[in-house]
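Shown next: structure-v4.cif, given as mmCIF, C-alpha atoms.
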```cif
data_final
loop_
_atom_site.group_PDB
_atom_site.id
_atom_site.type_symbol
_atom_site.label_atom_id
_atom_site.label_comp_id
_atom_site.auth_asym_id
_atom_site.auth_seq_id
_atom_site.Cartn_x
_atom_site.Cartn_y
_atom_site.Cartn_z
ATOM 1 C CA MET R 1 0.000 0.000 0.000
ATOM 2 C CA VAL R 2 2.848 2.402 0.839
ATOM 3 C CA ARG R 3 4.565 1.619 -2.446
ATOM 4 C CA LEU R 4 1.378 2.329 -4.437
ATOM 5 C CA ALA R 5 0.765 5.600 -2.587
ATOM 6 C CA VAL R 6 4.333 6.787 -3.184
ATOM 7 C CA GLU R 7 4.145 5.838 -6.881
ATOM 8 C CA ALA R 8 0.831 7.697 -7.226
ATOM 9 C CA LEU R 9 2.265 10.821 -5.595
ATOM 10 C CA ASP R 10 5.419 10.656 -7.684
ATOM 11 C CA GLU R 11 3.458 10.233 -10.942
ATOM 12 C CA LYS R 12 1.720 13.562 -10.327
ATOM 13 C CA LYS R 13 4.950 15.309 -9.330
ATOM 14 C CA GLY R 14 4.377 15.375 -5.570
ATOM 15 C CA GLU R 15 7.316 17.095 -3.904
ATOM 16 C CA ASP R 16 9.480 16.001 -0.972
ATOM 17 C CA ILE R 17 7.729 12.633 -0.613
ATOM 18 C CA LYS R 18 8.596 11.001 2.702
ATOM 19 C CA ILE R 19 7.659 7.753 4.393
ATOM 20 C CA ILE R 20 7.677 7.629 8.197
ATOM 21 C CA ASP R 21 7.511 4.233 9.905
ATOM 22 C CA ILE R 22 5.494 4.828 13.088
ATOM 23 C CA GLN R 23 4.831 1.185 13.994
ATOM 24 C CA GLY R 24 6.814 1.320 17.223
ATOM 25 C CA VAL R 25 5.491 4.726 18.217
ATOM 26 C CA THR R 26 1.701 4.538 17.974
ATOM 27 C CA VAL R 27 -1.178 2.218 17.182
ATOM 28 C CA ILE R 28 -2.998 4.658 14.875
ATOM 29 C CA ALA R 29 -1.134 3.441 11.781
ATOM 30 C CA ASP R 30 2.050 1.763 10.614
ATOM 31 C CA TYR R 31 3.163 4.415 8.127
ATOM 32 C CA PHE R 32 2.670 8.050 7.276
ATOM 33 C CA VAL R 33 3.302 9.051 3.664
ATOM 34 C CA LEU R 34 3.839 12.805 3.257
ATOM 35 C CA ALA R 35 4.019 14.938 0.129
ATOM 36 C CA SER R 36 3.888 18.621 -0.751
ATOM 37 C CA ALA R 37 1.941 20.235 -3.572
ATOM 38 C CA SER R 38 2.589 23.616 -5.134
ATOM 39 C CA ASN R 39 -1.085 24.589 -5.573
ATOM 40 C CA SER R 40 -4.651 23.372 -5.001
ATOM 41 C CA SER R 41 -4.922 21.840 -8.481
ATOM 42 C CA GLN R 42 -1.851 19.718 -7.855
ATOM 43 C CA THR R 43 -3.165 18.765 -4.396
ATOM 44 C CA GLN R 44 -6.354 17.482 -6.014
ATOM 45 C CA ALA R 45 -4.411 15.608 -8.709
ATOM 46 C CA LEU R 46 -2.226 13.939 -6.072
ATOM 47 C CA ILE R 47 -5.197 12.907 -3.939
ATOM 48 C CA ASP R 48 -7.194 11.665 -6.937
ATOM 49 C CA ASN R 49 -4.278 9.558 -8.160
ATOM 50 C CA VAL R 50 -3.643 7.999 -4.732
ATOM 51 C CA GLU R 51 -7.333 7.185 -4.302
ATOM 52 C CA GLU R 52 -7.586 5.690 -7.801
ATOM 53 C CA LYS R 53 -4.452 3.528 -7.543
ATOM 54 C CA LEU R 54 -5.272 2.213 -4.097
ATOM 55 C CA PHE R 55 -8.925 1.577 -4.992
ATOM 56 C CA LYS R 56 -7.884 -0.417 -8.060
ATOM 57 C CA ALA R 57 -5.594 -2.462 -5.793
ATOM 58 C CA GLY R 58 -8.507 -3.222 -3.476
ATOM 59 C CA PHE R 59 -7.826 -0.705 -0.703
ATOM 60 C CA GLU R 60 -10.633 1.537 0.512
ATOM 61 C CA CYS R 61 -10.089 4.909 2.109
ATOM 62 C CA ARG R 62 -11.596 4.787 5.610
ATOM 63 C CA GLN R 63 -11.604 8.520 6.184
ATOM 64 C CA LYS R 64 -10.772 11.593 4.144
ATOM 65 C CA GLU R 65 -10.152 14.956 5.777
ATOM 66 C CA GLY R 66 -9.929 18.075 3.658
ATOM 67 C CA ASN R 67 -11.275 19.094 0.265
ATOM 68 C CA LEU R 68 -10.360 21.034 -2.870
ATOM 69 C CA SER R 69 -9.855 24.283 -0.942
ATOM 70 C CA SER R 70 -7.828 22.655 1.849
ATOM 71 C CA THR R 71 -4.100 23.145 2.243
ATOM 72 C CA TRP R 72 -3.785 19.790 4.013
ATOM 73 C CA VAL R 73 -5.626 16.661 2.904
ATOM 74 C CA LEU R 74 -5.430 13.397 4.840
ATOM 75 C CA LEU R 75 -6.364 9.968 3.478
ATOM 76 C CA ASP R 76 -6.688 7.260 6.129
ATOM 77 C CA TYR R 77 -6.232 3.722 4.831
ATOM 78 C CA GLY R 78 -5.884 2.165 8.272
ATOM 79 C CA ASP R 79 -2.270 0.976 8.296
ATOM 80 C CA VAL R 80 -1.204 3.840 6.031
ATOM 81 C CA ILE R 81 -2.134 7.510 6.313
ATOM 82 C CA VAL R 82 -1.344 9.765 3.364
ATOM 83 C CA HIS R 83 -0.874 13.502 3.995
ATOM 84 C CA VAL R 84 -0.741 16.029 1.142
ATOM 85 C CA PHE R 85 0.161 19.557 2.182
ATOM 86 C CA SER R 86 0.738 22.944 0.656
ATOM 87 C CA LYS R 87 4.422 23.763 1.119
ATOM 88 C CA GLU R 88 3.578 26.412 3.723
ATOM 89 C CA ASP R 89 1.371 24.136 5.817
ATOM 90 C CA ARG R 90 3.893 21.328 5.688
ATOM 91 C CA LEU R 91 6.508 23.623 7.174
ATOM 92 C CA PHE R 92 4.045 24.961 9.744
ATOM 93 C CA TYR R 93 2.731 21.599 10.993
ATOM 94 C CA ASP R 94 6.126 19.859 10.610
ATOM 95 C CA LEU R 95 4.928 16.268 11.062
ATOM 96 C CA GLU R 96 8.475 15.065 10.539
ATOM 97 C CA ARG R 97 9.439 16.810 13.789
ATOM 98 C CA ILE R 98 6.307 15.798 15.696
ATOM 99 C CA TRP R 99 6.787 12.137 14.708
ATOM 100 C CA ARG R 100 10.584 12.166 15.023
ATOM 101 C CA ASP R 101 10.402 9.019 17.181
ATOM 102 C CA GLY R 102 9.323 7.238 13.996
ATOM 103 C CA LYS R 103 11.857 6.115 11.419
ATOM 104 C CA VAL R 104 12.082 8.037 8.157
ATOM 105 C CA VAL R 105 12.276 5.409 5.455
ATOM 106 C CA GLY R 106 14.661 6.426 2.694
ATOM 107 C CA SER R 107 12.836 4.619 -0.106
ATOM 108 C CA VAL R 108 10.079 2.092 -0.736
ATOM 109 C CA GLU R 109 12.792 -0.532 -1.300
ATOM 110 C CA GLU R 110 13.607 -0.328 2.420
ATOM 111 C CA LEU R 111 10.096 -1.572 3.188
ATOM 112 C CA ASP R 112 10.797 -5.028 1.711
#
```

Render the structure in this file as structure tokens.
Amino acid sequence: MVRLAVEALDEKKGEDIKIIDIQGVTVIADYFVLASASNSSQTQALIDNVEEKLFKAGFECRQKEGNLSSTWVLLDYGDVIVHVFSKEDRLFYDLERIWRDGKVVGSVEELD
């Protein structure tokens, strides 16, 4: 699921895509996948592509927070939570710092 989400974000030119392994830190999920978008149109394209790819693979989004006018959209797939931010909001909320007890995964290959 993480691999598909990262591929979907990368296909639509998501920026600064990061995977954070939070399995040993919390029970809310196993992974966060973060990406930045340069504008609301790109945010929507990123979200649409993630939803489409994961749906086709048989994964249903449990919860979606945010909409077209949001600067932070969250897709909750249970074990994986995808966050798409505007660049400004990503810096402001700084999930990488908040979840620093998690392990930043360098690439999807490290998940294998």

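Distance-wise, CA of Val73 in chain R and CA of Asp101 in chain R end up 22.8 Å apart.
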
Taking all listed atoms of range 2-15 of chain R, build the axis-aligned box, pad each of the six sides by 3 Å, then write its centre and edge lengths in Å to one decimal as AutoDock Vina command-line options.
```
--center_x 4.0 --center_y 9.4 --center_z -5.1 --size_x 12.6 --size_y 21.5 --size_z 17.8
```

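For range 38-45 of chain R, the residues within 7 Å (counting all atoms listed in the file, excluding itself and residues fewer than 4 positions away along the chain) are Lys12, Asn49, Leu68, Ser69, Val84, Ser86 and Lys87 of chain R.
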
Could you tell me which residues the PyMOL selection byres ((chain R and resi 9) around 8) grabs in this file, written as a list of chain:residue names? R:Ala5, R:Val6, R:Glu7, R:Ala8, R:Asp10, R:Glu11, R:Lys12, R:Lys13, R:Gly14, R:Ile17, R:Ala35, R:Leu46, R:Ile47, R:Asn49, R:Val50

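Remark: for Trp72 in chain R, the closest of the candidate residues R:Arg97, R:Arg90, R:Lys103, R:Lys56 is R:Arg90 (distances computed over only C-alpha atoms).
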
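For the atom pair formed by CA of Asp21 in chain R and CA of Ile98 in chain R, the distance is 13.0 Å, given to one decimal.
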
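Distance check against Leu75 in chain R using only C-alpha atoms: of R:Ala57, R:Gln63, R:Leu95, R:Gly102, the minimum falls on R:Gln63.
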
Excluding same-chain residues fewer than 5 positions from Gly58 in chain R, what lies within 12 Å of it counting all atoms listed in the file, as an mmCIF file with C-alpha atoms, keeping the file's coordinate frame?
```
data_model
loop_
_atom_site.group_PDB
_atom_site.id
_atom_site.type_symbol
_atom_site.label_atom_id
_atom_site.label_comp_id
_atom_site.auth_asym_id
_atom_site.auth_seq_id
_atom_site.Cartn_x
_atom_site.Cartn_y
_atom_site.Cartn_z
ATOM 1 C CA MET R 1 0.000 0.000 0.000
ATOM 2 C CA LEU R 4 1.378 2.329 -4.437
ATOM 3 C CA GLU R 51 -7.333 7.185 -4.302
ATOM 4 C CA GLU R 52 -7.586 5.690 -7.801
ATOM 5 C CA LYS R 53 -4.452 3.528 -7.543
ATOM 6 C CA TYR R 77 -6.232 3.722 4.831
#
```
